Amino acid sequence: EIYTLSLHDALPISIVRGLDAMGIKRSAYNLRINDSEMLDLLLSEYLDLDAVQTSLMARLLAQKRTLAPDKFRDRAIDIVGLSHSSEVLQKLSKLLTARSAEDLPEVIRHSECYVNLVALYERLERLGIDNVILDITLAHPEYTGGIIFDFTEADAMHSALLYKGGRYVNNDLQSSVGGQSDMSNIIELLARHTGMRHRSEEHTSELQSPIVIS
């Protein structure tokens, strides 16, 4: 079946195909996805935060991996206030365990960004790409215009970043999609899973960085 790929689809899919060509099995890495516009909706409409709280909470979520659980909880309470913290923390916990669009609350399902996310999941699935994880803490500062994604090793002992990308607004205020690879980590992953390093050199053109799609 033939269908047209959007900007949201094209770059992650091209990266998967490049990794396929290098001989890296899809089970060796995960594709994590987030959307900054959708996150703002979740924080404002589901958690019922105001504009300032939404901005602060988004920054806190981006820092979550570097914080101890109790430190993260304390900072979240500081943002929302003690009187509202119980309900907000309960809802936030549900968001943090969401791993696909189907796990997200009904309140945002009318939004264009949610519809686009569902469509992206469906297209990836139809191409046999099923190692996709929704992660609302995923953030890369250079990608602030909506969709954000990265590829990381599935092995918890390594978890190296292989590729990151997303939508951003350039100096002309035009929206683009771009990304950047870490070939050293990709080569190390290839070596661990195939025992070969030279094959990566044959396919670096498929994953060269930066890639920009306007």
# chains A, B, ... in the order shown; residues from 1 in each chain; ligands from 1

call {"tool": "closest_atom_pairs", "arguments": {"of": "region 52-152 of chain A", "to": "region 13-26 of chain A", "cutoff": "9 Å", "atoms": "only C-alpha atoms", "output": "Markdown table"}}
result
| residue | atom | partner | partner_atom | distance |
| --- | --- | --- | --- | --- |
| A:Leu124 | CA | A:Ile13 | CA | 7.4 |
| A:Leu127 | CA | A:Ile13 | CA | 8.5 |
| A:Ile129 | CA | A:Arg26 | CA | 7.9 |
| A:Asp130 | CA | A:Arg26 | CA | 8.7 |
| A:Asn131 | CA | A:Arg26 | CA | 7.2 |
| A:Phe151 | CA | A:Ile15 | CA | 8.9 |

call {"tool": "residues_around", "arguments": {"residues": "Ile77 (chain A)", "least_positions_apart": "6", "cutoff": "12 Å", "atoms": "only C-alpha atoms", "output": "MDAnalysis selection string"}}
result
chainID A and resid 53 56:57 60 70:71 83:90 92

call {"tool": "select_by_dssp", "arguments": {"residues": "region 29-69 of chain A", "states": "strand (DSSP E or B)", "output": "list in words"}}
result
Tyr29, Asn30, Leu31, Arg32, Ile33, Asn34 and Asp35 of chain A

call {"tool": "write_last_selection", "arguments": {"atoms": "N, CA and C atoms", "output": "mmCIF file, in the first residue's frame"}}
result
data_model
loop_
_atom_site.group_PDB
_atom_site.id
_atom_site.type_symbol
_atom_site.label_atom_id
_atom_site.label_comp_id
_atom_site.auth_asym_id
_atom_site.auth_seq_id
_atom_site.Cartn_x
_atom_site.Cartn_y
_atom_site.Cartn_z
ATOM 1 N N TYR A 29 17.641 -0.709 19.554
ATOM 2 C CA TYR A 29 17.447 0.699 19.888
ATOM 3 C C TYR A 29 15.959 1.003 20.049
ATOM 4 N N ASN A 30 15.683 2.136 20.655
ATOM 5 C CA ASN A 30 14.318 2.630 20.802
ATOM 6 C C ASN A 30 14.184 3.991 20.129
ATOM 7 N N LEU A 31 13.021 4.235 19.593
ATOM 8 C CA LEU A 31 12.675 5.545 19.051
ATOM 9 C C LEU A 31 11.737 6.216 20.046
ATOM 10 N N ARG A 32 12.212 7.292 20.665
ATOM 11 C CA ARG A 32 11.395 8.031 21.634
ATOM 12 C C ARG A 32 10.825 9.281 20.964
ATOM 13 N N ILE A 33 9.569 9.580 21.299
ATOM 14 C CA ILE A 33 8.874 10.690 20.659
ATOM 15 C C ILE A 33 8.184 11.557 21.705
ATOM 16 N N ASN A 34 8.199 12.847 21.467
ATOM 17 C CA ASN A 34 7.429 13.799 22.258
ATOM 18 C C ASN A 34 7.000 14.924 21.323
ATOM 19 N N ASP A 35 6.137 15.798 21.807
ATOM 20 C CA ASP A 35 5.701 16.961 21.029
ATOM 21 C C ASP A 35 5.519 18.106 22.007
#

call {"tool": "atom_distance", "arguments": {"atom1": "CA of Leu42 (chain A)", "atom2": "CA of Leu134 (chain A)"}}
result
13.5 Å

call {"tool": "residues_around", "arguments": {"residues": "Glu153 (chain A)", "least_positions_apart": "6", "cutoff": "6 Å", "atoms": "only C-alpha atoms", "output": "list in words"}}
result
Ala28, Tyr29, Ser159 and Ala160 of chain A

call {"tool": "write_last_selection", "arguments": {"atoms": "all heavy atoms", "output": "short mmCIF file (atom, residue, chain, number, x, y, z; two decimals), in the first residue's frame"}}
result
data_model
loop_
_atom_site.label_atom_id
_atom_site.label_comp_id
_atom_site.auth_asym_id
_atom_site.auth_seq_id
_atom_site.Cartn_x
_atom_site.Cartn_y
_atom_site.Cartn_z
N ALA A 28 17.73 -3.35 18.90
CA ALA A 28 18.91 -2.81 19.57
C ALA A 28 18.72 -1.35 19.99
O ALA A 28 19.55 -0.81 20.72
CB ALA A 28 20.14 -2.92 18.68
N TYR A 29 17.64 -0.71 19.55
CA TYR A 29 17.45 0.70 19.89
C TYR A 29 15.96 1.00 20.05
O TYR A 29 15.09 0.23 19.65
CB TYR A 29 18.05 1.61 18.81
CG TYR A 29 17.48 1.41 17.42
CD1 TYR A 29 16.31 2.05 17.03
CD2 TYR A 29 18.10 0.56 16.51
CE1 TYR A 29 15.79 1.86 15.76
CE2 TYR A 29 17.58 0.35 15.25
CZ TYR A 29 16.43 1.01 14.88
OH TYR A 29 15.91 0.81 13.63
N SER A 159 22.59 2.78 26.72
CA SER A 159 21.60 3.84 26.50
C SER A 159 22.18 5.07 25.83
O SER A 159 21.81 6.21 26.13
CB SER A 159 20.94 4.25 27.83
OG SER A 159 20.23 3.16 28.38
N ALA A 160 23.13 4.86 24.94
CA ALA A 160 23.77 5.99 24.25
C ALA A 160 22.80 6.62 23.26
O ALA A 160 21.95 5.96 22.67
CB ALA A 160 25.02 5.52 23.53
#

call {"tool": "closest_residue", "arguments": {"among": "A:Ile133, A:Asn116, A:Ala68, A:Ser111", "to": "Thr97 (chain A)", "atoms": "only C-alpha atoms"}}
result
A:Ile133

call {"tool": "closest_residue", "arguments": {"among": "A:Arg59, A:Arg75, A:Lys164, A:Lys91", "to": "Leu104 (chain A)", "atoms": "only C-alpha atoms"}}
result
A:Lys91

call {"tool": "atom_distance", "arguments": {"atom1": "CA of Ser27 (chain A)", "atom2": "CA of Ala10 (chain A)"}}
result
20.5 Å

call {"tool": "closest_residue", "arguments": {"among": "A:Gln63, A:Ser44, A:Ser184, A:Ser36", "to": "Ile108 (chain A)", "atoms": "only C-alpha atoms"}}
result
A:Ser44

call {"tool": "residues_around", "arguments": {"residues": "Leu96 (chain A)", "least_positions_apart": "2", "cutoff": "9 Å", "atoms": "only C-alpha atoms", "output": "list of chain:residue names"}}
result
A:Lys91, A:Leu92, A:Ser93, A:Lys94, A:Ala98, A:Arg99, A:Asp135, A:Ile136, A:Thr137

call {"tool": "closest_residue", "arguments": {"among": "A:Ala139, A:Ala119, A:Ala51, A:Leu189", "to": "Thr152 (chain A)", "atoms": "only C-alpha atoms"}}
result
A:Leu189

call {"tool": "atom_distance", "arguments": {"atom1": "CA of Arg65 (chain A)", "atom2": "CA of His140 (chain A)"}}
result
13.0 Å

call {"tool": "closest_residue", "arguments": {"among": "A:Ala62, A:Leu190, A:Asn185, A:Glu37", "to": "Tyr114 (chain A)", "atoms": "only C-alpha atoms"}}
result
A:Glu37

call {"tool": "select_by_dssp", "arguments": {"residues": "region 88-134 of chain A", "states": "helix (DSSP H, G or I)", "output": "PyMOL selection string"}}
result
chain A and resi 88-97+101-103+106-108+112-126

call {"tool": "write_last_selection", "arguments": {"atoms": "N, CA and C atoms", "output": "PDB file, in the first residue's frame"}}
result
ATOM      1  N   VAL A  88      -2.515  17.215  41.219  1.00  0.00           N
ATOM      2  CA  VAL A  88      -1.595  17.422  40.102  1.00  0.00           C
ATOM      3  C   VAL A  88      -0.555  16.316  40.035  1.00  0.00           C
ATOM      4  N   LEU A  89       0.006  15.920  41.165  1.00  0.00           N
ATOM      5  CA  LEU A  89       1.020  14.866  41.174  1.00  0.00           C
ATOM      6  C   LEU A  89       0.434  13.529  40.734  1.00  0.00           C
ATOM      7  N   GLN A  90      -0.819  13.281  41.086  1.00  0.00           N
ATOM      8  CA  GLN A  90      -1.475  12.048  40.664  1.00  0.00           C
ATOM      9  C   GLN A  90      -1.637  12.013  39.144  1.00  0.00           C
ATOM     10  N   LYS A  91      -2.094  13.117  38.588  1.00  0.00           N
ATOM     11  CA  LYS A  91      -2.253  13.194  37.138  1.00  0.00           C
ATOM     12  C   LYS A  91      -0.897  13.157  36.429  1.00  0.00           C
ATOM     13  N   LEU A  92       0.077  13.824  37.016  1.00  0.00           N
ATOM     14  CA  LEU A  92       1.416  13.842  36.425  1.00  0.00           C
ATOM     15  C   LEU A  92       2.009  12.447  36.388  1.00  0.00           C
ATOM     16  N   SER A  93       1.764  11.670  37.430  1.00  0.00           N
ATOM     17  CA  SER A  93       2.244  10.292  37.473  1.00  0.00           C
ATOM     18  C   SER A  93       1.674   9.473  36.317  1.00  0.00           C
ATOM     19  N   LYS A  94       0.398   9.695  36.004  1.00  0.00           N
ATOM     20  CA  LYS A  94      -0.228   8.984  34.883  1.00  0.00           C
ATOM     21  C   LYS A  94       0.426   9.369  33.557  1.00  0.00           C
ATOM     22  N   LEU A  95       0.735  10.656  33.406  1.00  0.00           N
ATOM     23  CA  LEU A  95       1.383  11.107  32.176  1.00  0.00           C
ATOM     24  C   LEU A  95       2.769  10.497  32.025  1.00  0.00           C
ATOM     25  N   LEU A  96       3.478  10.374  33.124  1.00  0.00           N
ATOM     26  CA  LEU A  96       4.843   9.860  33.076  1.00  0.00           C
ATOM     27  C   LEU A  96       4.895   8.369  32.758  1.00  0.00           C
ATOM     28  N   THR A  97       3.791   7.668  32.982  1.00  0.00           N
ATOM     29  CA  THR A  97       3.752   6.237  32.652  1.00  0.00           C
ATOM     30  C   THR A  97       3.180   5.990  31.261  1.00  0.00           C
ATOM     31  N   ALA A 101       0.247   7.088  22.346  1.00  0.00           N
ATOM     32  CA  ALA A 101      -0.826   8.074  22.258  1.00  0.00           C
ATOM     33  C   ALA A 101      -2.101   7.571  22.920  1.00  0.00           C
ATOM     34  N   GLU A 102      -2.322   6.270  22.878  1.00  0.00           N
ATOM     35  CA  GLU A 102      -3.526   5.692  23.467  1.00  0.00           C
ATOM     36  C   GLU A 102      -3.567   5.852  24.980  1.00  0.00           C
ATOM     37  N   ASP A 103      -2.428   6.095  25.598  1.00  0.00           N
ATOM     38  CA  ASP A 103      -2.361   6.238  27.054  1.00  0.00           C
ATOM     39  C   ASP A 103      -2.657   7.658  27.523  1.00  0.00           C
ATOM     40  N   GLU A 106      -8.298  11.928  27.496  1.00  0.00           N
ATOM     41  CA  GLU A 106      -9.275  12.308  26.482  1.00  0.00           C
ATOM     42  C   GLU A 106      -9.270  13.802  26.204  1.00  0.00           C
ATOM     43  N   VAL A 107      -8.926  14.609  27.202  1.00  0.00           N
ATOM     44  CA  VAL A 107      -9.075  16.049  27.088  1.00  0.00           C
ATOM     45  C   VAL A 107      -8.258  16.661  25.954  1.00  0.00           C
ATOM     46  N   ILE A 108      -7.203  16.004  25.493  1.00  0.00           N
ATOM     47  CA  ILE A 108      -6.385  16.574  24.413  1.00  0.00           C
ATOM     48  C   ILE A 108      -6.598  15.870  23.078  1.00  0.00           C
ATOM     49  N   GLU A 112      -4.975  19.019  17.128  1.00  0.00           N
ATOM     50  CA  GLU A 112      -4.272  18.648  15.898  1.00  0.00           C
ATOM     51  C   GLU A 112      -2.974  17.912  16.208  1.00  0.00           C
ATOM     52  N   CYS A 113      -2.265  18.352  17.258  1.00  0.00           N
ATOM     53  CA  CYS A 113      -0.993  17.708  17.576  1.00  0.00           C
ATOM     54  C   CYS A 113      -1.208  16.257  18.016  1.00  0.00           C
ATOM     55  N   TYR A 114      -2.298  15.976  18.716  1.00  0.00           N
ATOM     56  CA  TYR A 114      -2.584  14.598  19.108  1.00  0.00           C
ATOM     57  C   TYR A 114      -2.931  13.753  17.884  1.00  0.00           C
ATOM     58  N   VAL A 115      -3.756  14.302  16.998  1.00  0.00           N
ATOM     59  CA  VAL A 115      -4.126  13.585  15.773  1.00  0.00           C
ATOM     60  C   VAL A 115      -2.885  13.271  14.946  1.00  0.00           C
ATOM     61  N   ASN A 116      -1.960  14.230  14.847  1.00  0.00           N
ATOM     62  CA  ASN A 116      -0.723  14.006  14.105  1.00  0.00           C
ATOM     63  C   ASN A 116       0.134  12.928  14.758  1.00  0.00           C
ATOM     64  N   LEU A 117       0.149  12.907  16.090  1.00  0.00           N
ATOM     65  CA  LEU A 117       0.924  11.891  16.806  1.00  0.00           C
ATOM     66  C   LEU A 117       0.370  10.500  16.534  1.00  0.00           C
ATOM     67  N   VAL A 118      -0.939  10.364  16.584  1.00  0.00           N
ATOM     68  CA  VAL A 118      -1.570   9.074  16.295  1.00  0.00           C
ATOM     69  C   VAL A 118      -1.255   8.625  14.871  1.00  0.00           C
ATOM     70  N   ALA A 119      -1.326   9.579  13.927  1.00  0.00           N
ATOM     71  CA  ALA A 119      -1.031   9.256  12.536  1.00  0.00           C
ATOM     72  C   ALA A 119       0.414   8.799  12.370  1.00  0.00           C
ATOM     73  N   LEU A 120       1.329   9.435  13.089  1.00  0.00           N
ATOM     74  CA  LEU A 120       2.731   9.052  13.022  1.00  0.00           C
ATOM     75  C   LEU A 120       2.923   7.630  13.544  1.00  0.00           C
ATOM     76  N   TYR A 121       2.314   7.318  14.685  1.00  0.00           N
ATOM     77  CA  TYR A 121       2.397   5.964  15.228  1.00  0.00           C
ATOM     78  C   TYR A 121       1.882   4.942  14.214  1.00  0.00           C
ATOM     79  N   GLU A 122       0.754   5.234  13.600  1.00  0.00           N
ATOM     80  CA  GLU A 122       0.149   4.300  12.652  1.00  0.00           C
ATOM     81  C   GLU A 122       1.042   4.069  11.449  1.00  0.00           C
ATOM     82  N   ARG A 123       1.663   5.129  10.944  1.00  0.00           N
ATOM     83  CA  ARG A 123       2.519   4.998   9.763  1.00  0.00           C
ATOM     84  C   ARG A 123       3.801   4.247  10.087  1.00  0.00           C
ATOM     85  N   LEU A 124       4.352   4.523  11.258  1.00  0.00           N
ATOM     86  CA  LEU A 124       5.537   3.780  11.678  1.00  0.00           C
ATOM     87  C   LEU A 124       5.213   2.297  11.829  1.00  0.00           C
ATOM     88  N   GLU A 125       4.065   2.014  12.417  1.00  0.00           N
ATOM     89  CA  GLU A 125       3.651   0.629  12.624  1.00  0.00           C
ATOM     90  C   GLU A 125       3.447  -0.093  11.299  1.00  0.00           C
ATOM     91  N   ARG A 126       2.864   0.600  10.333  1.00  0.00           N
ATOM     92  CA  ARG A 126       2.622  -0.015   9.023  1.00  0.00           C
ATOM     93  C   ARG A 126       3.919  -0.326   8.293  1.00  0.00           C
TER      94      ARG A 126
END

call {"tool": "decode", "arguments": {"residues": "region 101-134 of chain A", "atoms": "N, CA, C and O atoms", "output": "mmCIF file, in the first residue's frame"}}
result
data_model
loop_
_atom_site.group_PDB
_atom_site.id
_atom_site.type_symbol
_atom_site.label_atom_id
_atom_site.label_comp_id
_atom_site.auth_asym_id
_atom_site.auth_seq_id
_atom_site.Cartn_x
_atom_site.Cartn_y
_atom_site.Cartn_z
ATOM 1 N N ALA A 101 0.247 7.088 22.346
ATOM 2 C CA ALA A 101 -0.826 8.074 22.258
ATOM 3 C C ALA A 101 -2.101 7.571 22.920
ATOM 4 O O ALA A 101 -2.876 8.346 23.483
ATOM 5 N N GLU A 102 -2.322 6.270 22.878
ATOM 6 C CA GLU A 102 -3.526 5.692 23.467
ATOM 7 C C GLU A 102 -3.567 5.852 24.980
ATOM 8 O O GLU A 102 -4.637 5.759 25.586
ATOM 9 N N ASP A 103 -2.428 6.095 25.598
ATOM 10 C CA ASP A 103 -2.361 6.238 27.054
ATOM 11 C C ASP A 103 -2.657 7.658 27.523
ATOM 12 O O ASP A 103 -2.750 7.894 28.734
ATOM 13 N N LEU A 104 -2.805 8.589 26.604
ATOM 14 C CA LEU A 104 -2.994 9.996 26.968
ATOM 15 C C LEU A 104 -4.465 10.300 27.246
ATOM 16 O O LEU A 104 -5.358 9.628 26.722
ATOM 17 N N PRO A 105 -4.743 11.316 28.054
ATOM 18 C CA PRO A 105 -6.116 11.615 28.467
ATOM 19 C C PRO A 105 -6.990 12.126 27.327
ATOM 20 O O PRO A 105 -6.505 12.696 26.349
ATOM 21 N N GLU A 106 -8.298 11.928 27.496
ATOM 22 C CA GLU A 106 -9.275 12.308 26.482
ATOM 23 C C GLU A 106 -9.270 13.802 26.204
ATOM 24 O O GLU A 106 -9.569 14.240 25.089
ATOM 25 N N VAL A 107 -8.926 14.609 27.202
ATOM 26 C CA VAL A 107 -9.075 16.049 27.088
ATOM 27 C C VAL A 107 -8.258 16.661 25.954
ATOM 28 O O VAL A 107 -8.597 17.739 25.457
ATOM 29 N N ILE A 108 -7.203 16.004 25.493
ATOM 30 C CA ILE A 108 -6.385 16.574 24.413
ATOM 31 C C ILE A 108 -6.598 15.870 23.078
ATOM 32 O O ILE A 108 -5.974 16.226 22.079
ATOM 33 N N ARG A 109 -7.474 14.887 23.040
ATOM 34 C CA ARG A 109 -7.592 14.075 21.832
ATOM 35 C C ARG A 109 -8.267 14.795 20.672
ATOM 36 O O ARG A 109 -8.280 14.297 19.547
ATOM 37 N N HIS A 110 -8.815 15.962 20.933
ATOM 38 C CA HIS A 110 -9.401 16.780 19.866
ATOM 39 C C HIS A 110 -8.340 17.598 19.140
ATOM 40 O O HIS A 110 -8.605 18.158 18.067
ATOM 41 N N SER A 111 -7.161 17.700 19.700
ATOM 42 C CA SER A 111 -6.141 18.625 19.200
ATOM 43 C C SER A 111 -5.447 18.094 17.951
ATOM 44 O O SER A 111 -5.317 16.888 17.744
ATOM 45 N N GLU A 112 -4.975 19.019 17.128
ATOM 46 C CA GLU A 112 -4.272 18.648 15.898
ATOM 47 C C GLU A 112 -2.974 17.912 16.208
ATOM 48 O O GLU A 112 -2.612 16.962 15.513
ATOM 49 N N CYS A 113 -2.265 18.352 17.258
ATOM 50 C CA CYS A 113 -0.993 17.708 17.576
ATOM 51 C C CYS A 113 -1.208 16.257 18.016
ATOM 52 O O CYS A 113 -0.390 15.383 17.691
ATOM 53 N N TYR A 114 -2.298 15.976 18.716
ATOM 54 C CA TYR A 114 -2.584 14.598 19.108
ATOM 55 C C TYR A 114 -2.931 13.753 17.884
ATOM 56 O O TYR A 114 -2.445 12.626 17.733
ATOM 57 N N VAL A 115 -3.756 14.302 16.998
ATOM 58 C CA VAL A 115 -4.126 13.585 15.773
ATOM 59 C C VAL A 115 -2.885 13.271 14.946
ATOM 60 O O VAL A 115 -2.735 12.161 14.408
ATOM 61 N N ASN A 116 -1.960 14.230 14.847
ATOM 62 C CA ASN A 116 -0.723 14.006 14.105
ATOM 63 C C ASN A 116 0.134 12.928 14.758
ATOM 64 O O ASN A 116 0.775 12.122 14.071
ATOM 65 N N LEU A 117 0.149 12.907 16.090
ATOM 66 C CA LEU A 117 0.924 11.891 16.806
ATOM 67 C C LEU A 117 0.370 10.500 16.534
ATOM 68 O O LEU A 117 1.128 9.556 16.266
ATOM 69 N N VAL A 118 -0.939 10.364 16.584
ATOM 70 C CA VAL A 118 -1.570 9.074 16.295
ATOM 71 C C VAL A 118 -1.255 8.625 14.871
ATOM 72 O O VAL A 118 -0.927 7.458 14.624
ATOM 73 N N ALA A 119 -1.326 9.579 13.927
ATOM 74 C CA ALA A 119 -1.031 9.256 12.536
ATOM 75 C C ALA A 119 0.414 8.799 12.370
ATOM 76 O O ALA A 119 0.697 7.861 11.611
ATOM 77 N N LEU A 120 1.329 9.435 13.089
ATOM 78 C CA LEU A 120 2.731 9.052 13.022
ATOM 79 C C LEU A 120 2.923 7.630 13.544
ATOM 80 O O LEU A 120 3.606 6.809 12.922
ATOM 81 N N TYR A 121 2.314 7.318 14.685
ATOM 82 C CA TYR A 121 2.397 5.964 15.228
ATOM 83 C C TYR A 121 1.882 4.942 14.214
ATOM 84 O O TYR A 121 2.489 3.883 14.010
ATOM 85 N N GLU A 122 0.754 5.234 13.600
ATOM 86 C CA GLU A 122 0.149 4.300 12.652
ATOM 87 C C GLU A 122 1.042 4.069 11.449
ATOM 88 O O GLU A 122 1.200 2.940 10.981
ATOM 89 N N ARG A 123 1.663 5.129 10.944
ATOM 90 C CA ARG A 123 2.519 4.998 9.763
ATOM 91 C C ARG A 123 3.801 4.247 10.087
ATOM 92 O O ARG A 123 4.281 3.438 9.296
ATOM 93 N N LEU A 124 4.352 4.523 11.258
ATOM 94 C CA LEU A 124 5.537 3.780 11.678
ATOM 95 C C LEU A 124 5.213 2.297 11.829
ATOM 96 O O LEU A 124 5.986 1.424 11.406
ATOM 97 N N GLU A 125 4.065 2.014 12.417
ATOM 98 C CA GLU A 125 3.651 0.629 12.624
ATOM 99 C C GLU A 125 3.447 -0.093 11.299
ATOM 100 O O GLU A 125 3.832 -1.257 11.140
ATOM 101 N N ARG A 126 2.864 0.600 10.333
ATOM 102 C CA ARG A 126 2.622 -0.015 9.023
ATOM 103 C C ARG A 126 3.919 -0.326 8.293
ATOM 104 O O ARG A 126 3.946 -1.172 7.396
ATOM 105 N N LEU A 127 4.986 0.357 8.659
ATOM 106 C CA LEU A 127 6.299 0.087 8.071
ATOM 107 C C LEU A 127 7.107 -0.897 8.923
ATOM 108 O O LEU A 127 8.287 -1.120 8.672
ATOM 109 N N GLY A 128 6.458 -1.466 9.935
ATOM 110 C CA GLY A 128 7.129 -2.450 10.779
ATOM 111 C C GLY A 128 8.028 -1.856 11.831
ATOM 112 O O GLY A 128 8.878 -2.550 12.400
ATOM 113 N N ILE A 129 7.859 -0.561 12.122
ATOM 114 C CA ILE A 129 8.659 0.117 13.143
ATOM 115 C C ILE A 129 7.808 0.198 14.408
ATOM 116 O O ILE A 129 6.942 1.055 14.537
ATOM 117 N N ASP A 130 8.037 -0.724 15.330
ATOM 118 C CA ASP A 130 7.173 -0.796 16.506
ATOM 119 C C ASP A 130 7.904 -0.551 17.824
ATOM 120 O O ASP A 130 7.301 -0.639 18.896
ATOM 121 N N ASN A 131 9.183 -0.230 17.758
ATOM 122 C CA ASN A 131 9.945 0.057 18.981
ATOM 123 C C ASN A 131 9.880 1.554 19.297
ATOM 124 O O ASN A 131 10.895 2.223 19.471
ATOM 125 N N VAL A 132 8.655 2.084 19.358
ATOM 126 C CA VAL A 132 8.418 3.517 19.542
ATOM 127 C C VAL A 132 7.853 3.765 20.934
ATOM 128 O O VAL A 132 6.906 3.105 21.353
ATOM 129 N N ILE A 133 8.449 4.704 21.656
ATOM 130 C CA ILE A 133 8.034 5.004 23.025
ATOM 131 C C ILE A 133 7.690 6.488 23.138
ATOM 132 O O ILE A 133 8.511 7.346 22.793
ATOM 133 N N LEU A 134 6.503 6.779 23.632
ATOM 134 C CA LEU A 134 6.161 8.158 23.959
ATOM 135 C C LEU A 134 6.832 8.516 25.275
ATOM 136 O O LEU A 134 6.772 7.766 26.238
#
